[in-house]
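Structure record follows, encoded as structure tokens.
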Amino acid sequence: MELNTKKELVLQAYGNFFEKALIEEIDSVAKLVEFQEGEVLIDIGQYIKSMPLVIRGAIKIMREDFDQEELLLYFIGKGDTCSMTMTCCLGDQKSEIRAVAENDGLVAMIPVGKMEEWLGKYPSWRVYVFESYNNRFNEMLATIDNIAFMNMDERIWKHLQEKSKIHRSNTVFQTHQEIANELNSSRVVISRLLKALEKQGKIRLNRNSIDLL
């Protein structure tokens, strides 16, 4: 972890969102937690007692169907939180999502009691929470639209662009099977459509990685 104080790290990620007094409170109550790529941070069926504010890195939010197949809902990154986590915290409900680290990073965990207290105490927190709900809702609607209205090749291309943006690289380090898992498809279908995208000049396929051209 970088040798910054907790307050400095929170300011870097959330200084544009929150007033000074709220930053001070976050500094006093938040617990910093580092995570590594592939780590499961929140699992389905788990009770959630604190809410993550992402300071560094990215986390993918997954949903599981009755056959235990996963579907990628959306990503959260620096300056974001997960509205579904907030709902579980405030309602004392079990999680219905799985949060998996997309890469190495850091979160500030906020106790559930403070989340409720700050809604009435800090206007910036209230706006942030409502905007987070709205952003995540729109992302889930986009996921539904992708499934309902997009061809699988379009979904793959959008998925690769999203991965490229998150990692700030034109190279996506992901196998065909991993893409299939996140898009709830089969490896055979994904491999065939990736080869088609390569023929179109959009990507270059490598062993366990894909270059966006």
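Labels for the structure tokens follow display order: chains A, B, ..., residues from 1 in each chain, ligands from 1.
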> If you run DSSP on this backbone, which residues of range 11-204 of chain A come out as helix (DSSP H, G or I), and could you give them as a PyMOL selection string?
Replying inline: chain A and resi 11-14+20-29+83-91+112-121+123-149+152-167+176-182+187-199
Could you write those residues out with C-alpha atoms, as an mmCIF file, in the first residue's frame?
```
data_model
loop_
_atom_site.group_PDB
_atom_site.id
_atom_site.type_symbol
_atom_site.label_atom_id
_atom_site.label_comp_id
_atom_site.auth_asym_id
_atom_site.auth_seq_id
_atom_site.Cartn_x
_atom_site.Cartn_y
_atom_site.Cartn_z
ATOM 1 C CA LEU A 11 -9.222 12.897 -0.236
ATOM 2 C CA GLN A 12 -7.643 11.686 -3.485
ATOM 3 C CA ALA A 13 -10.662 9.530 -4.304
ATOM 4 C CA TYR A 14 -13.551 11.466 -2.738
ATOM 5 C CA LYS A 20 -14.314 18.592 4.794
ATOM 6 C CA ALA A 21 -16.239 17.520 7.910
ATOM 7 C CA LEU A 22 -17.367 14.283 6.234
ATOM 8 C CA ILE A 23 -13.811 13.513 5.094
ATOM 9 C CA GLU A 24 -12.721 13.911 8.713
ATOM 10 C CA GLU A 25 -15.393 11.447 9.885
ATOM 11 C CA ILE A 26 -14.480 8.926 7.201
ATOM 12 C CA ASP A 27 -10.863 9.232 8.323
ATOM 13 C CA SER A 28 -11.875 8.454 11.920
ATOM 14 C CA VAL A 29 -14.236 5.477 11.340
ATOM 15 C CA SER A 83 -25.667 0.495 -4.337
ATOM 16 C CA MET A 84 -26.697 -3.152 -3.915
ATOM 17 C CA THR A 85 -24.280 -3.377 -0.993
ATOM 18 C CA MET A 86 -25.863 -0.272 0.533
ATOM 19 C CA THR A 87 -29.321 -1.820 0.215
ATOM 20 C CA CYS A 88 -28.191 -4.984 2.007
ATOM 21 C CA CYS A 89 -26.456 -2.970 4.741
ATOM 22 C CA LEU A 90 -29.396 -0.699 5.479
ATOM 23 C CA GLY A 91 -31.960 -3.510 5.274
ATOM 24 C CA VAL A 112 -23.484 0.556 8.481
ATOM 25 C CA GLY A 113 -24.496 2.780 11.397
ATOM 26 C CA LYS A 114 -22.572 5.725 9.959
ATOM 27 C CA MET A 115 -24.215 5.314 6.551
ATOM 28 C CA GLU A 116 -27.638 6.021 8.048
ATOM 29 C CA GLU A 117 -26.386 8.803 10.313
ATOM 30 C CA TRP A 118 -24.657 10.647 7.464
ATOM 31 C CA LEU A 119 -27.789 10.633 5.269
ATOM 32 C CA GLY A 120 -29.329 13.209 7.581
ATOM 33 C CA LYS A 121 -26.099 14.943 8.571
ATOM 34 C CA PRO A 123 -25.904 16.868 2.087
ATOM 35 C CA SER A 124 -22.925 15.665 0.021
ATOM 36 C CA TRP A 125 -23.318 12.109 1.361
ATOM 37 C CA ARG A 126 -27.037 12.111 0.603
ATOM 38 C CA VAL A 127 -26.404 13.299 -2.983
ATOM 39 C CA TYR A 128 -23.594 10.761 -3.405
ATOM 40 C CA VAL A 129 -25.778 7.854 -2.240
ATOM 41 C CA PHE A 130 -28.693 8.822 -4.495
ATOM 42 C CA GLU A 131 -26.412 9.348 -7.488
ATOM 43 C CA SER A 132 -24.790 5.963 -6.830
ATOM 44 C CA TYR A 133 -28.199 4.285 -6.836
ATOM 45 C CA ASN A 134 -29.071 6.035 -10.090
ATOM 46 C CA ASN A 135 -25.751 5.178 -11.774
ATOM 47 C CA ARG A 136 -25.884 1.508 -10.794
ATOM 48 C CA PHE A 137 -29.548 1.277 -11.829
ATOM 49 C CA ASN A 138 -28.700 2.705 -15.265
ATOM 50 C CA GLU A 139 -25.797 0.259 -15.604
ATOM 51 C CA MET A 140 -28.058 -2.683 -14.787
ATOM 52 C CA LEU A 141 -30.590 -1.429 -17.344
ATOM 53 C CA ALA A 142 -27.753 -1.274 -19.876
ATOM 54 C CA THR A 143 -26.837 -4.876 -19.029
ATOM 55 C CA ILE A 144 -30.450 -5.958 -19.579
ATOM 56 C CA ASP A 145 -30.543 -4.057 -22.877
ATOM 57 C CA ASN A 146 -27.299 -5.719 -23.957
ATOM 58 C CA ILE A 147 -28.714 -9.175 -23.277
ATOM 59 C CA ALA A 148 -32.101 -8.441 -24.819
ATOM 60 C CA PHE A 149 -31.163 -6.370 -27.860
ATOM 61 C CA MET A 152 -23.290 -11.588 -28.788
ATOM 62 C CA ASP A 153 -20.491 -10.172 -30.965
ATOM 63 C CA GLU A 154 -21.592 -6.647 -29.985
ATOM 64 C CA ARG A 155 -21.667 -7.657 -26.322
ATOM 65 C CA ILE A 156 -18.147 -9.084 -26.563
ATOM 66 C CA TRP A 157 -16.809 -5.941 -28.222
ATOM 67 C CA LYS A 158 -18.421 -3.716 -25.576
ATOM 68 C CA HIS A 159 -17.078 -6.002 -22.831
ATOM 69 C CA LEU A 160 -13.528 -5.744 -24.186
ATOM 70 C CA GLN A 161 -13.788 -1.957 -24.429
ATOM 71 C CA GLU A 162 -14.963 -1.799 -20.809
ATOM 72 C CA LYS A 163 -12.057 -3.985 -19.669
ATOM 73 C CA SER A 164 -9.605 -1.867 -21.654
ATOM 74 C CA LYS A 165 -10.928 1.296 -20.031
ATOM 75 C CA ILE A 166 -10.756 -0.114 -16.494
ATOM 76 C CA HIS A 167 -7.176 -1.359 -16.891
ATOM 77 C CA HIS A 176 -11.964 -17.084 -23.824
ATOM 78 C CA GLN A 177 -13.404 -19.129 -20.962
ATOM 79 C CA GLU A 178 -13.242 -16.188 -18.558
ATOM 80 C CA ILE A 179 -15.091 -13.978 -21.050
ATOM 81 C CA ALA A 180 -17.674 -16.726 -21.515
ATOM 82 C CA ASN A 181 -18.174 -16.924 -17.746
ATOM 83 C CA GLU A 182 -18.718 -13.190 -17.368
ATOM 84 C CA ARG A 187 -16.303 -20.839 -24.659
ATOM 85 C CA VAL A 188 -16.988 -22.233 -28.150
ATOM 86 C CA VAL A 189 -19.322 -19.344 -28.996
ATOM 87 C CA ILE A 190 -16.944 -16.738 -27.557
ATOM 88 C CA SER A 191 -13.936 -18.171 -29.438
ATOM 89 C CA ARG A 192 -15.831 -18.179 -32.729
ATOM 90 C CA LEU A 193 -16.984 -14.574 -32.345
ATOM 91 C CA LEU A 194 -13.559 -13.373 -31.197
ATOM 92 C CA LYS A 195 -12.057 -14.835 -34.366
ATOM 93 C CA ALA A 196 -14.705 -12.967 -36.361
ATOM 94 C CA LEU A 197 -13.773 -9.708 -34.603
ATOM 95 C CA GLU A 198 -10.129 -10.414 -35.410
ATOM 96 C CA LYS A 199 -10.971 -10.836 -39.109
#
```
> So which one's closest to Asp104 in chain A, A:Gln36, A:Ser186, A:Thr81, A:Ser50? Using only C-alpha atoms, please.
Replying inline: A:Gln36
>> What parts of range 3-212 of chain A does DSSP call strand (DSSP E or B)? I'd like the answer as JSON, numbers by chain.
In response: {"A": [31, 32, 33, 34, 35, 40, 41, 42, 47, 50, 51, 52, 53, 54, 55, 56, 59, 60, 61, 62, 63, 64, 70, 71, 72, 73, 74, 75, 76, 94, 98, 99, 100, 101, 105, 106, 107, 108, 109, 110, 111, 171, 172, 203, 204, 205, 206, 209, 210, 211, 212]}
C-alpha atoms of the current selection, written as an mmCIF file, in the first residue's frame:
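Below is the file selection_16.cif, written as the result:
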```cif
data_model
loop_
_atom_site.group_PDB
_atom_site.id
_atom_site.type_symbol
_atom_site.label_atom_id
_atom_site.label_comp_id
_atom_site.auth_asym_id
_atom_site.auth_seq_id
_atom_site.Cartn_x
_atom_site.Cartn_y
_atom_site.Cartn_z
ATOM 1 C CA LYS A 31 -11.128 0.712 7.867
ATOM 2 C CA LEU A 32 -8.758 0.462 4.903
ATOM 3 C CA VAL A 33 -8.730 -2.971 3.258
ATOM 4 C CA GLU A 34 -6.391 -3.974 0.447
ATOM 5 C CA PHE A 35 -7.545 -6.556 -2.085
ATOM 6 C CA VAL A 40 -14.019 -12.401 -3.529
ATOM 7 C CA LEU A 41 -14.821 -9.341 -1.417
ATOM 8 C CA ILE A 42 -18.544 -9.940 -0.937
ATOM 9 C CA TYR A 47 -24.588 -10.441 5.659
ATOM 10 C CA SER A 50 -20.028 -2.198 6.159
ATOM 11 C CA MET A 51 -20.044 -0.453 2.794
ATOM 12 C CA PRO A 52 -16.975 -0.171 0.522
ATOM 13 C CA LEU A 53 -15.777 3.124 -0.916
ATOM 14 C CA VAL A 54 -13.300 2.302 -3.687
ATOM 15 C CA ILE A 55 -10.061 4.242 -3.346
ATOM 16 C CA ARG A 56 -7.978 2.340 -5.878
ATOM 17 C CA ILE A 59 -14.378 -4.498 -8.598
ATOM 18 C CA LYS A 60 -16.813 -6.438 -10.763
ATOM 19 C CA ILE A 61 -20.314 -7.095 -9.473
ATOM 20 C CA MET A 62 -21.715 -10.502 -10.462
ATOM 21 C CA ARG A 63 -25.166 -12.094 -10.215
ATOM 22 C CA GLU A 64 -25.797 -15.842 -9.990
ATOM 23 C CA GLU A 70 -22.652 -16.002 -13.235
ATOM 24 C CA LEU A 71 -23.465 -12.821 -15.127
ATOM 25 C CA LEU A 72 -21.448 -9.619 -14.961
ATOM 26 C CA LEU A 73 -23.702 -6.702 -13.946
ATOM 27 C CA TYR A 74 -21.278 -3.786 -13.767
ATOM 28 C CA PHE A 75 -17.893 -2.546 -12.550
ATOM 29 C CA ILE A 76 -17.157 -0.087 -9.762
ATOM 30 C CA LYS A 94 -28.140 -11.154 2.818
ATOM 31 C CA ARG A 98 -20.827 -11.372 -5.608
ATOM 32 C CA ALA A 99 -18.116 -8.697 -5.664
ATOM 33 C CA VAL A 100 -14.816 -9.887 -7.180
ATOM 34 C CA ALA A 101 -11.621 -7.843 -7.480
ATOM 35 C CA GLY A 105 -6.806 -2.178 -5.095
ATOM 36 C CA LEU A 106 -7.949 -0.582 -1.876
ATOM 37 C CA VAL A 107 -11.311 0.180 -0.261
ATOM 38 C CA ALA A 108 -12.415 2.172 2.774
ATOM 39 C CA MET A 109 -15.067 0.207 4.660
ATOM 40 C CA ILE A 110 -17.771 2.351 6.294
ATOM 41 C CA PRO A 111 -19.780 0.929 9.243
ATOM 42 C CA THR A 171 -4.403 -5.287 -24.026
ATOM 43 C CA VAL A 172 -7.033 -7.302 -22.150
ATOM 44 C CA ILE A 203 -8.718 -7.110 -32.208
ATOM 45 C CA ARG A 204 -5.645 -9.326 -32.282
ATOM 46 C CA LEU A 205 -5.838 -12.634 -30.434
ATOM 47 C CA ASN A 206 -2.858 -13.766 -28.356
ATOM 48 C CA SER A 209 -4.719 -11.924 -23.951
ATOM 49 C CA ILE A 210 -6.456 -9.789 -26.575
ATOM 50 C CA ASP A 211 -5.170 -6.563 -28.165
ATOM 51 C CA LEU A 212 -7.726 -3.926 -29.130
#
```
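One finds CA of Cys82 in chain A at 26.3 Å from CA of Thr175 in chain A.
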> What gap, in Å, lies between CA of Gln200 in chain A and CA of Leu213 in chain A?
Replying inline: 10.4 Å
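Atom pair CA of Asn16 in chain A / CA of Glu37 in chain A has a distance of 27.0 Å (rounded to one decimal).
Minimum distance to Ser95 in chain A across A:Lys49, A:Arg207, A:Lys6, A:Arg168 (counting only C-alpha atoms) occurs at A:Lys49.
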